[in-house]
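Just below is one structure, and these are the notes that go with it.
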Protein chains: 2
Amino acid sequence: ETTDIIHYTPYNAAMSPKITVELLRQLRQAMRNTKYIAEPIQAYIVPSGDAHQSEYIAPCDCRREFICGFNGSAGTAIVTEKHAAMWTDGRYFLQASQQMDNNWTLMKMGLKETLSQEDWLISVLPENSTVGVDPWIIAADQWKNMSKALASAGHSLVAVQDNLIDAIWMDRPTRPSTQLLTLGLGFTGLTWQDKMTALRSKMAERKISWFVATALDEIAWLFNLRGSDIEYNPVFFAYAIVGMNTIRLFVDIKRLAVPTVREHLQLDTPSKVELSIQTAPYESVFTELQAVCASLGPKEKVWISDKASCALTQVIPKAHRSPIPYTPLCLAKAVKNATEIQGMKMAHIKDAVALCELFAWLEKEIPKGTVTEISAADKAEELRSQQKDFVGLSFPSISSVGPNGAIIHYRPLPETNRTLSLNEIYLLDSGAQYIDGTTDVTRTMHFGSPSAYEKETFTYVLKGHIAVSAAIFPNGTKGHLLDSFARQALWESGLDYLHGTGHGVGCFLNVHEGPCGISYKTFADEPLEAGMIVSDEPGYYEDGLFGIRIENVVLVVPAKPKYNYRNKGSLTFEPLTLVPIQAKMVNTDLLTQKERDWVNEYHRQCRETIGAELERQGRKEAMDWLIRETQPIA
Amino acid sequence: ETTDIIHYTPYNAAMSPKITVELLRQLRQAMRNTKYIAEPIQAYIVPSGDAHQSEYIAPCDCRREFICGFNGSAGTAIVTEKHAAMWTDGRYFLQASQQMDNNWTLMKMGLKETLSQEDWLISVLPENSTVGVDPWIIAADQWKNMSKALASAGHSLVAVQDNLIDAIWMDRPTRPSTQLLTLGLGFTGLTWQDKMTALRSKMAERKISWFVATALDEIAWLFNLRGSDIEYNPVFFAYAIVGMNTIRLFVDIKRLAVPTVREHLQLDTPSKVELSIQTAPYESVFTELQAVCASLGPKEKVWISDKASCALTQVIPKAHRSPIPYTPLCLAKAVKNATEIQGMKMAHIKDAVALCELFAWLEKEIPKGTVTEISAADKAEELRSQQKDFVGLSFPSISSVGPNGAIIHYRPLPETNRTLSLNEIYLLDSGAQYIDGTTDVTRTMHFGSPSAYEKETFTYVLKGHIAVSAAIFPNGTKGHLLDSFARQALWESGLDYLHGTGHGVGCFLNVHEGPCGISYKTFADEPLEAGMIVSDEPGYYEDGLFGIRIENVVLVVPAKPKYNYRNKGSLTFEPLTLVPIQAKMVNTDLLTQKERDWVNEYHRQCRETIGAELERQGRKEAMDWLIRETQPIA
């Protein structure tokens, strides 16, 4: 799945807009209610995120959707005494206009005539207005920019501690507090104590006294714990504050009553003082961080992500605050250790077994005319769930036929659900969470006879996929420098695709993670290193006709080319995904000999590795399919 | 010439360090002299630039060299009451250590243990110190950063209006005021009045009332004037302030006494009021800008480059200041019109004639053992000077034999001067200014028998050169996205080069210009557009043995591939440089058929276009050489 295409909740085109008259009345009342604010505010900003910069959010955090009805992944609502407006980007113009009633103005981002949130506020607010926002769900830098712009026009931005949406949201779901899963050394390769020691040595190196962890996947990784608070992401709501001799974990205390968790965290019998974890309620992070900051020496520094919430960031006095684009946990988590790599390999083998079985089944069923986008996705999930240590999907499956494949962020819904046939291309972008690893794979297939044009464009995408996968590049190269390799063949024919080429992938963690990626857009990425895992997923989309994407998850490994300039060493990629690429879709005349060799070697590996597992699992039909689909191409 | 390799003055390794005891004594006296400052300052910063962000600077602006002796292109000197330190980067550690006496501490930038200027100042200054700098030669953003850092430690940064180096520099050269050259429509394609109108429509579009031009090449381009105030760059010292009805040109008034200049600028008979130029002395820009700013309406905005001097930038009140990374002149200048393109083509044909003649001559002379790096460069200059409208070189020639070729910023000097032979590779990176255009070309030749390794690496560089030159890419693509194409073949063999791949080239202007380029480092570049002109110059450098670089200047032109995705259109490059690439250096087995076709088609063009001109000029030996060197490769 490309990082550009996030979509939390299926969007039902037939749905009527949410009626918001009463909600807006209540919100405006709250904006004047001294129970929440000392002075009435003239505008209230409702961002779309949670307090942890999460990409996917829990139902209790879908506040923007609650107030305006629009449930796309990106959007900010602002309500003033007289107006209500919602900003979103081109992917969502149609959807937002259908989901919002006419109390709302849709602000189409990216169009020249559309005012920015700041400019719009300045244009509608009375003089000397006060604008409120929940400081927990706005990032510190966004706060700064908004505050500056408003101040320049005589207004002010204030933090409203009680969230005003929560105040009027009667049936708001509670914050999830799912059971915690402890991961042993066999899955993690490092104890949480090892990780803590490594973190502290990074802190010591940079003379940092404290580190505040706010990203949920970083906290899960650090403590070798998983949860299921957010769909698709095996994380749990928590904060952590780490000092050189102190560890504070903020989490719903009820979750710590389980003996396995207590033992895992050594809550009752800590081995060493500096590895003893002090637990505290999730909500107490604010006051505890205040206490930590109150006792800081004059030169002490505190690390916090520059994407962390304004609320937590501003607790740290500016002189002590050291904001960083990527935390040491983010960087350490990205470089997988041998155990994690082994786990990711196992997860990809199981995932490939499920997909081989699926594609063999599809070949048999499609001619009957009974398989739809939804039933195919369900079948894929069913087959994956039969595999060992399956936990759930890693993102909602993109199962799309014909023209639906050209909608990059498509999810099948009853009203759009198309039947798979022998005449249209089928694109399946799907993945799963297993306890040993996370998968994400896209295959594009034709079950009848693809047209020459479909084959031609598929082949350009394949050439791009191979160009990245087979690239050799010096140590220290950033992923964005490889993005153009994926496009070269398409560009030569005047074609392109409008999303990035790859993203970092977590190990039984988020399917999208930083700090590395392969995109023309990401220049803040960190250099690729052996052990990092990213996706390689170029595509081509012909609006109204079809979509093509070929995605493997690949591991960064050392390469050994002929020379070694300045002893820098070289890197390349090793595919973890081992699912055949449909030869029927390839125009082999357009491939170079090197590219043909790559395809044949890839298929040899698929046959060898997945074949062995299919045999072990006794999946004969899938085995026959695999053998046929991995015949060498000429 | 790559943009990474600027080097103003030849560096003489045998030279003894400059004795600076007396100069430092005088400077420290000036730092306490109330003639220059109200209160004594405890440190004085001497940056290396001039007041116009020029890449090459005039002798009168070489203040950092004057005070410390180091004459590399990059470096900042800071003198306190007790210390003197100079910061420079890895290219110059050896040179700086040899040119400076032991009153100076060399601060090696890029090394972990080296303090930044700010941190060093904080570590050596007494409490509550005042640090001075000439606000004309420090950029506004550098001032801001330095000022902030010093303030955080209780010190302050102050602007010292009189330059303290100038105050003690007895034989300081005067600021050059060379004769101005007026360019007619036949060279520029647009009158300065047309350019002014286009500038004003850009200003109107963005609701900008005034524009302050500070870059010398932008001012030269705008007024269709050239000078020779700075070596290699046909520019003249000036500022301009443009309003919707006003044009102010600040330049040494003596230069405007010439009738052709007066007529060109219509100083005596302006056609329209809004196109009447008010001239004023160069130095009066400060007070005139103050006057302009004093009369600004409440919403009026002033455009100024974000790289402009702190002095001029701060004249504009913050509420009215609109700093921009690339001025409208920089952007307009980069896209060459039909006349400029024609001129650039003519200039490159003449330049190729000179080089064909040179290489034919070298083939004859080298076996005699009498040709050196310096004499070869001199011969190249002599042959270029025979061409019509030759003005001078566009940068100091890099003429390098064998191991000298691996020093990327090499310039031949008597002590390093190597003799060209049949055993070593010769790299010549050179270019010229003609009234119709600017050239910049690198050819790497072997006059005997190159080794297999030399041929192999040359061929990888050639593959990279072709990959960029033949690339087809969508309209809107930024040049940095093409950089990896130039490295792909080298990377595959574990090799690389540590400079960017290309830079913008002016038309009878600076050989390096923004806002476009091809580099892994430049992410602030503007998208490539048809009419832009850049260099394509990958290389490979084997320390102690040889250097390889193949450089053409190329024009961005529309491409017509098979498809046209979203009607975006495609671009590619057309080589303007037409000098044969030595086939003897190519291992043709390593080329694809497409690459062989590219070489043969390129050589066909060289033969056709340069052959015709050689014939017209009756240069028989060069013609024979050209015919031989452009035989198709198999």
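Letters A, B, ... mark the chains of the structure tokens in the order given; residue numbers begin at 1 per chain; ligand numbers begin at 1, in order shown.
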
Taking the chain letters and numbering used in this document, name the residues of region 287-527 of chain A that DSSP puts in alpha helix (DSSP H), as a PyMOL selection string. chain A and resi 287-294+310-315+328-334+338-365+373-385+452-469+483-492

List every residue of region 474-519 of chain B that DSSP, applied to the backbone, labels as strand (DSSP E or B), and write the result as a list in words. Pro474, Lys478, Gly502, His503, Gly504, Glu513, Gly514, Pro515, Cys516, Gly517 and Ile518 of chain B

Which neighbours of Glu601 (chain A) fall inside 10 Å, counting only C-alpha atoms, when residues of the same chain fewer than 5 positions from it are skipped, and could you give them as a ChimeraX atom specification? /A:595-596,606-607,630,632

So which residues touch region 521-536 of chain A within 6 Å, counting only C-alpha atoms, skipping near sequence neighbours fewer than 2 positions away, as a PyMOL selection string? chain A and resi 334-336+476-478+501-505+515-516+519+551-557

Any idea what's packed within 12 Å of Thr588 (chain A), counting only C-alpha atoms, ignoring anything in its chain fewer than 5 positions away? Could you give it as a list in words? Ala452, Lys455, Glu456, Phe458, Thr459, Tyr460, Leu462, Lys463, Gln582, Ala583, Gln593, Lys594, Glu595, Arg596, Asp597, Val599, Asn600, Pro632, Ile633 and Ala634 of chain A

Sorted by chain and rising residue number, which residues of chain B lie within 6 Å of chain A, and what are their closest atom pairs and distances in Å to one decimal, counting only C-alpha atoms, as JSON lines?
```
{"residue": "B:Ile472", "atom": "CA", "partner": "A:Glu492", "partner_atom": "CA", "distance": 5.2}
{"residue": "B:Phe473", "atom": "CA", "partner": "A:Trp491", "partner_atom": "CA", "distance": 5.2}
{"residue": "B:Trp491", "atom": "CA", "partner": "A:Phe473", "partner_atom": "CA", "distance": 5.1}
{"residue": "B:Glu492", "atom": "CA", "partner": "A:Ile472", "partner_atom": "CA", "distance": 5.2}
{"residue": "B:Ser493", "atom": "CA", "partner": "A:Pro561", "partner_atom": "CA", "distance": 5.1}
{"residue": "B:Gly494", "atom": "CA", "partner": "A:Tyr563", "partner_atom": "CA", "distance": 4.8}
{"residue": "B:Leu495", "atom": "CA", "partner": "A:Tyr565", "partner_atom": "CA", "distance": 5.0}
{"residue": "B:Pro561", "atom": "CA", "partner": "A:Ser493", "partner_atom": "CA", "distance": 5.1}
{"residue": "B:Lys562", "atom": "CA", "partner": "A:Ser493", "partner_atom": "CA", "distance": 5.3}
{"residue": "B:Tyr563", "atom": "CA", "partner": "A:Gly494", "partner_atom": "CA", "distance": 4.8}
{"residue": "B:Asn564", "atom": "CA", "partner": "A:Gly494", "partner_atom": "CA", "distance": 5.0}
{"residue": "B:Tyr565", "atom": "CA", "partner": "A:Leu495", "partner_atom": "CA", "distance": 5.0}
```

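Within the 12 Å cut-off around Ala257 (chain B), using only C-alpha atoms and omitting residues fewer than 3 positions from it on the same chain, the listed residues are Gln179, Leu180, Val251, Asp252, Ile253, Lys254, Thr260, Val261, Arg262, Glu263, His264, Leu265, Leu267, Asp268 and Thr279 of chain B.
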
Just-selected residues, C-alpha atoms written as a compact mmCIF listing (two decimals), in the first residue's frame:
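part11.txt was written with the following content:
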```txt
# COMPACT_ATOMS: atom_id res chain seq x y z
CA GLN B 179 33.06 50.09 -19.41
CA LEU B 180 29.46 48.98 -19.91
CA VAL B 251 25.73 52.35 -10.39
CA ASP B 252 28.92 54.39 -10.55
CA ILE B 253 27.52 57.45 -12.32
CA LYS B 254 30.68 57.91 -14.43
CA THR B 260 25.59 54.52 -26.29
CA VAL B 261 24.74 53.64 -22.71
CA ARG B 262 22.62 56.77 -22.23
CA GLU B 263 20.76 55.99 -25.43
CA HIS B 264 20.32 52.30 -24.58
CA LEU B 265 18.81 53.17 -21.22
CA LEU B 267 18.26 58.30 -19.95
CA ASP B 268 17.74 61.54 -21.85
CA THR B 279 20.11 56.73 -11.87
```

Could you list, as a ChimeraX atom specification, every residue within 10 Å of Asn224 (chain A), counting only C-alpha atoms and ignoring same-chain residues fewer than 3 positions away? /A:181-185,187-193,195,218-221,264-265

Interatomic distance (Å, one decimal) between CA of Thr76 (chain A) and CA of Pro47 (chain A): 4.6 Å

Pick from B:Val235, B:Val292, B:Val133, B:Leu94, whichever lies nearest to Ser54 (chain B) using only C-alpha atoms: B:Val235

Have a look at CA of Met344 (chain B) and CA of Tyr434 (chain B) and let me know their distance in Å, one decimal. 8.9 Å

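Here CA of Asp171 (chain B) stands at a distance of 15.8 Å from CA of Cys68 (chain B).
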
Near region 361-373 of chain B, 10 Å: region 409-526 of chain B residue rows, closest pairs, only C-alpha atoms, as a Markdown table:
```
| residue | atom | partner | partner_atom | distance |
| --- | --- | --- | --- | --- |
| B:Arg411 | CA | B:Glu373 | CA | 9.0 |
| B:Pro412 | CA | B:Glu373 | CA | 6.2 |
| B:Leu413 | CA | B:Glu373 | CA | 8.6 |
| B:Pro414 | CA | B:Glu373 | CA | 9.4 |
| B:Thr416 | CA | B:Glu373 | CA | 9.0 |
| B:Asn417 | CA | B:Glu373 | CA | 5.8 |
| B:Arg418 | CA | B:Thr372 | CA | 5.6 |
| B:Thr419 | CA | B:Thr372 | CA | 4.1 |
| B:Leu420 | CA | B:Thr372 | CA | 5.5 |
| B:Ser421 | CA | B:Ile366 | CA | 5.8 |
| B:Leu422 | CA | B:Pro367 | CA | 6.9 |
| B:Tyr426 | CA | B:Glu373 | CA | 8.7 |
| B:Leu427 | CA | B:Glu373 | CA | 9.5 |
| B:Leu428 | CA | B:Glu373 | CA | 8.9 |
| B:His446 | CA | B:Glu363 | CA | 9.7 |
| B:Phe447 | CA | B:Glu363 | CA | 6.6 |
| B:Gly448 | CA | B:Pro367 | CA | 9.4 |
```

Given only C-alpha atoms as the basis, pick out the residue of B:Gln314, B:Asn337, B:Asn233, B:Ser123 nearest to Val391 (chain B).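 Of all the options, B:Asn233 lies closest to Val391 (chain B).
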